[in-house]
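See structure below.
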Number of protein chains: 4
Amino acid sequence: MRTGRFSKPAPEIAQRYGESVSFDWRLYRYDIAGSIAHAAALTQEGIITADERQKIENELRAIEREIESDKFEWDQSLEDVHMNIEATLTKRIGTVGGKLHTARSRNDQVALDLRLYVKAELADGGRRLRLLQTAVLDFAEQHSDVVMPGYTHLQRAQPITFAHYLLGQIEAFERDAERLRDCLTRTDVLPLGSGALAGSTVVLDRELIARKLDFVRVSQNSMDAVSDRDFVCEFLFCLAMIGLHLSRLSEDLIIWSTSEFGFLEFSDTFATGSSLMPQKKNPTWPS
Amino acid sequence: MRTGRFSKPAPEIAQRYGESVSFDWRLYRYDIAGSIAHAAALTQEGIITADERQKIENELRAIEREIESDKFEWDQSLEDVHMNIEATLTKRIGTVGGKLHTARSRNDQVALDLRLYVKAELADGGRRLRLLQTAVLDFAEQHSDVVMPGYTHLQRAQPITFAHYLLGQIEAFERDAERLRDCLTRTDVLPLGSGALAGSTVVLDRELIARKLDFVRVSQNSMDAVSDRDFVCEFLFCLAMIGLHLSRLSEDLIIWSTSEFGFLEFSDTFATGSSLMPQKKNPTWPS
Amino acid sequence: MRTGRFSKPAPEIAQRYGESVSFDWRLYRYDIAGSIAHAAALTQEGIITADERQKIENELRAIEREIESDKFEWDQSLEDVHMNIEATLTKRIGTVGGKLHTARSRNDQVALDLRLYVKAELADGGRRLRLLQTAVLDFAEQHSDVVMPGYTHLQRAQPITFAHYLLGQIEAFERDAERLRDCLTRTDVLPLGSGALAGSTVVLDRELIARKLDFVRVSQNSMDAVSDRDFVCEFLFCLAMIGLHLSRLSEDLIIWSTSEFGFLEFSDTFATGSSLMPQKKNPTWPS
Amino acid sequence: MRTGRFSKPAPEIAQRYGESVSFDWRLYRYDIAGSIAHAAALTQEGIITADERQKIENELRAIEREIESDKFEWDQSLEDVHMNIEATLTKRIGTVGGKLHTARSRNDQVALDLRLYVKAELADGGRRLRLLQTAVLDFAEQHSDVVMPGYTHLQRAQPITFAHYLLGQIEAFERDAERLRDCLTRTDVLPLGSGALAGSTVVLDRELIARKLDFVRVSQNSMDAVSDRDFVCEFLFCLAMIGLHLSRLSEDLIIWSTSEFGFLEFSDTFATGSSLMPQKKNPTWPS
């Protein structure tokens with residue numbers, strides 16, 4: 001953000017380098033939810049009136065609907081999702097919109113948005129893992145009488161049942177689900193109230209904000225709260241492990257679907273063909 | 001691509017997983033250039049007539065202009081940039097469009113497009129490095145009388161001139177430029193004519209195609225040519241090294257622009273401010 | 001391991017490629033503990049007698065002492081830590097040593113050893129983190145009256161106390177400790193009894209083995225148990241996060257110890273000098 | 001190195017953290033060669049006499065032989081390979097040994113050693129690649145009449161000859177060899193004479209040193225020369241690409257050696273067996 005002390009406008013190239021709204025617009029829902037909760041706390045402290053709060057909330061909801069129906073105009077010169085929404089709010093409802101920034105910095109605001117975003121993604125990932133486990137379990141039940149070779153080093157080792165193999169995959173996905181839950185515990189911490197790094201002289205009821213945004217805990221140290229991105233690293237690690245397990249399962253199925261192994265055939269709906277060789281059917285990937 | 005042997009359409013989720021046009025549309029210019037060169041070789045072999053070739057080229061140029069003016073309709077169900085362009089071509093000029101796929105597979109087509117793309121990016125990267133080196137050199141000349149401490153472990157070690165420091169940066173960028181040139185040598189190889197993996201029974205004049213597309217060499221082994229992506233890895237490595245050198249230079253400048261070091265000040269046009277602290281000026285990054 | 005069906009000995013180069021004892025010898029303590037617990041379960045099933053078990057345990061303890069006093073002869077041609085110990089045992093106490101391999105494969109044996117090893121490392125890492133947190137806390141208490149600038153983008157932002165900064169570091173290390181505990185939960189699973197991949201026809205009391213080796217759970221699927229290395233990935237991720245936090249703290253202290261910042265000075269006992277510049281003192285790293 | 005200004009000895013833990021001799025001892029041959037060349041330049045400038053130079057060279061050769069026959073005592077408190085060798089030299093031949101450090105810093109010394117080391121490794125890598133290519137070519141000639149399926153997505157696509165496949169592998173290794181040669185060009189630069197970072201007031205004949213050490217070029221900027229490790233990154237990238245090509249070839253052979261594909265069988269000399277399943281033969285890796 002460029003305010004006050006700058007005599008020259010940023011040139012277009014510096015703007016393009018500094019902006020993040022081209023990707024952080026995805027956080028809009030969480031940014032708006034955070035602002036609404038923050039407004040509630042500001043009202044409680046008497047910094048804004050109940051009327052002002054209502055005005056803010058109504059307009060933020062309107063902006064949210066515009067974004068969702070793709071009618072909102074994002075402005076790169078306003079750098080990020082936070083400034084885009086706040087500037088639009090202030091333009092529409094006047095200076096009361098600006099009061100929303102009281103006792104808040106973009107540093108704790110982006111930390112908040114990112115935590116809300118990762119929390120939502122963690123929940124979604126957990127749901128998808130459960131669906132996958134159920135599908136694999138159903139598949140195992142449908143083929144519970146299939147006996148096949150078990151392999152080590154891709155050499156036949158001992159007979160197994162196909163269901164035994166599939167249940168082993170479910171175990172791996174269960175660990176993935178556990179990891180997502182553990183990651184949630186560390187993500188589920190409200191950072192708002194940390195200011196730029198040193199907190200705020202205006203003390204708001206952080207427990208109230210946490211309740212409104214469904215956080216289990218509030219952060220204990222403002223410098224840690226604005227700089228902590230551990231939860232993002234941990235979420236990415238969880239995704240990498242899920243990807244690894246999916247890749248292993250996929251490779252097994254692809255090898256077993258070769259004409260040489262011939263253990264299974266992919267449904268036409270999940271295979272692709274070849275532009276040169278009309279007799280071909282490829283698993284999952286265009287050639 | 002799904003043709004011939006499939007009884008069921010791919011469900012939307014499989015389509016979304018298998019498609020690449022949402023990102024490989026960027027290759028359109030190279031795909032079209034490759035098709036025009038391929039058409040010339042087909043004409044030489046008498047597979048298409050000179051008239052057909054002209055028709056193909058005219059329509060491909062028209063498609064290119066539509067894409068550039070954002071009027072082309074990309075269709076995800078056609079999977080990739082190649083099929084999107086070819087299908088549109090055939091719809092517009094009839095079966096002659098389909099003849100273009102003679103003696104060509106999507107495997108050698110994408111290998112070609114990607115090489116043309118990386119060649120263009122390598123040239124662009126080289127130009128930008130030269131501009132950067134010139135700017136750093138000008139900067140060194142303007143400040144040729146500035147003496148400053150040289151640091152090891154961030155502790156003052158020996159006096160240096162600022163120009164000495166800057167000339168050292170130019171050396172690093174020169175190695176980056178050399179690496180880009182070496183990478184170009186290995187990228188500058190025509191893969192077309194390799195078919196899906198085993199070449200084609202229709203033998204075209206590959207040297208002609210190479211000349212038209214400005215390739216220095218033609219590939220020697222069809223299996224290697226369709227699978228080789230070394231040049232992409234190498235290009236990414238070159239970019240990583242450039243990034244590392246830019247990051248080192250930037251970090252030095254940022255440390256030297258602190259109020260504690262106070263060696264330099266960023267122009268207002270390349271700094272940002274703070275939402276909470278109006279007195280602040282931050283180098284290159286929003287807070 | 002090469003037994004039975006091979007007509008030719010492995011050449012030296014294949015042996016060197018295939019061997020792991022040059023690094024997996026580190027698992028010896030866990031390999032021996034696992035064998036002693038396994039022997040107890042074999043005794044319970046009547047596969048070995050109480051006398052045989054005693055003989056095995058005594059000799060394994062003797063081997064352990066030899067390894068610890070660096071008197072054990074490791075043989076690369078025996079490939080790994082498991083075969084080295086088992087072959088020595090059998091050479092010394094005869095065929096009863098060989099009975100130890102009943103109902104066990106190297107696949108579940110190495111999975112067991114590795115889990116015991118990571119469990120020990122996790123506990124050790126937790127202890128060290130606690131020591132570090134305590135040291136940082138003591139440091140914060142000793143300097144509780146020190147006020148300093150807080151920085152964003154390395155530009156002075158707001159005043160903070162040094163203790164505030166240090167307490168923020170403790171929060172990060174606390175998350176690291178939590179992650180180690182979560183990783184332990186997923187590591188603390190006995191894989192023994194899984195055989196090569198499909199379990200064993202000889203069924204041992206796995207709960208007994210788990211109790212003897214202090215495992216909380218036993219694995220549920222033999223194919224998953226022999227192939228699961230998630231706990232290793234997760235442990236490495238935990239270490240990477242700890243490294244990142246230590247690196248951030250170190251970089252802050254190094255910047256603050258420059259003559260330009262001048263906030264602190266490293267003790268002579270933790271600094272190094274320069275071979276060319278006798279006046280210099282460098283933090284933590286030789287020049 | 002800790003000299004002069006320190007009042008307290010480094011504690012054992014700081015020493016262990018700061019030392020590098022436990023791994024950089026590998027550079028000893030290059031360190032000694034560099035010192036001998038440096039001594040020649042010092043003699044030319046009249047800084048040491050021809051007699052002193054001879055004394056230094058003789059003793060350095062003696063130290064080299066001791067290291068090679070594993071009789072040299074490495075001392076961790078002397079931090080690195082450079083100090084270990086220099087301290088031993090000085091202890092044995094007196095103060096003349098210390099003169100060797102004139103016009104040299106450990107910064108340009110380690111840069112030199114590392115370049116000599118990487119140059120030797122690059123040459124060795126090139127030789128091994130040539131041997132591998134020759135072996136693959138011989139193999140292709142021996143089996144020039146073998147026809148097999150060519151695969152895309154592990155599905156049979158078009159018939160190929162096995163030799164066609166193998167010649168494709170040779171192409172990939174040829175690119176690897178080219179990359180090693182390009183890396184050599186950038187490694188083949190003498191950094192000695194750069195001092196700690198700002199050169200030296202004692203100017204030696206750098207071209208003489210370069211000739212003696214077989215360097216093609218001398219570095220142009222002292223700050224760049226002591227900090228440049230690009231050649232190490234580039235060498236590691238080259239190795240990663242070689243590893244990738246070896247891995248792809250190995251995986252193909254392993255899949256083709258399954259009983260399901262049955263295209264080839266590994267020689268007993270390059271396979272291992274199983275501890276549980278005596279009928280098994282595994283390619284290249286113990287189970």
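So you can find residues: chains in the structure tokens are A, B, ... in the order shown, residues in each start at 1, and ligands are numbered from 1 in order.
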
**Request:** Write down, as a list in words, each residue of chain C that has any atom within 6 Å of an atom of chain B, counting only C-alpha atoms.
**Result:** Gln155, Thr258, Glu260 and Phe261 of chain C

**Request:** Enumerate, as a ChimeraX atom specification, the complete set of residues in segment 87-169 of chain A that a backbone-based DSSP assignment places in alpha helix (DSSP H).
**Result:** /A:87-93,96-99,106-142,162-169

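Taking atom CA of Met83 of chain D and atom CA of Glu234 of chain D as endpoints, the distance between them is 28.0 Å.
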
Taking 6 positions as the minimum chain separation for residues in the same chain, which residues sit within 10 Å of Arg206 of chain A when counting only C-alpha atoms? Answer as a short mmCIF file (atom, residue, chain, number, x, y, z; two decimals) with N, CA, C and O atoms, in the first residue's frame.
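The result, stored in around-v4.cif:
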```
data_model
loop_
_atom_site.label_atom_id
_atom_site.label_comp_id
_atom_site.auth_asym_id
_atom_site.auth_seq_id
_atom_site.Cartn_x
_atom_site.Cartn_y
_atom_site.Cartn_z
N ALA A 37 -16.55 -10.09 11.45
CA ALA A 37 -16.28 -10.42 12.85
C ALA A 37 -15.54 -9.28 13.55
O ALA A 37 -15.82 -8.95 14.72
N HIS A 38 -14.59 -8.68 12.83
CA HIS A 38 -13.83 -7.56 13.39
C HIS A 38 -14.77 -6.39 13.70
O HIS A 38 -14.63 -5.73 14.75
N ALA A 41 -16.48 -6.78 16.97
CA ALA A 41 -15.64 -6.45 18.12
C ALA A 41 -15.46 -4.94 18.25
O ALA A 41 -15.43 -4.40 19.36
N LEU A 190 -6.66 -18.06 16.10
CA LEU A 190 -6.95 -16.71 15.61
C LEU A 190 -5.74 -15.79 15.75
O LEU A 190 -5.27 -15.56 16.86
N PRO A 191 -5.24 -15.22 14.63
CA PRO A 191 -4.11 -14.28 14.75
C PRO A 191 -4.56 -12.82 14.88
O PRO A 191 -3.75 -11.97 15.24
N LEU A 192 -5.83 -12.51 14.58
CA LEU A 192 -6.28 -11.12 14.55
C LEU A 192 -6.07 -10.46 15.92
O LEU A 192 -6.28 -11.09 16.95
N GLY A 193 -5.66 -9.20 15.88
CA GLY A 193 -5.34 -8.50 17.11
C GLY A 193 -3.83 -8.34 17.27
O GLY A 193 -3.36 -7.70 18.21
N LYS A 212 -16.87 -16.01 16.74
CA LYS A 212 -17.62 -15.69 15.51
C LYS A 212 -17.03 -16.38 14.28
O LYS A 212 -17.74 -16.69 13.33
N ARG A 217 -8.67 -21.58 19.31
CA ARG A 217 -7.72 -20.87 20.17
C ARG A 217 -7.41 -19.47 19.62
O ARG A 217 -7.68 -19.19 18.46
N VAL A 218 -6.83 -18.61 20.47
CA VAL A 218 -6.31 -17.34 19.99
C VAL A 218 -4.79 -17.38 20.15
O VAL A 218 -4.27 -18.01 21.07
N SER A 219 -4.08 -16.69 19.27
CA SER A 219 -2.62 -16.70 19.30
C SER A 219 -2.11 -16.00 20.56
O SER A 219 -2.75 -15.10 21.09
#
```

**Prompt:** Counting only C-alpha atoms, what is within 9 Å of Ala172 of chain D, bar same-chain residues fewer than 6 positions away, as a VMD selection string?
**Reply:** (chain B and resid 224 228 230) or (chain D and resid 242 245)

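All residues in segment 179-220 of chain D with a DSSP state of strand (DSSP E or B), computed from the backbone, read D:Val189, D:Leu190, D:Arg217, D:Val218.
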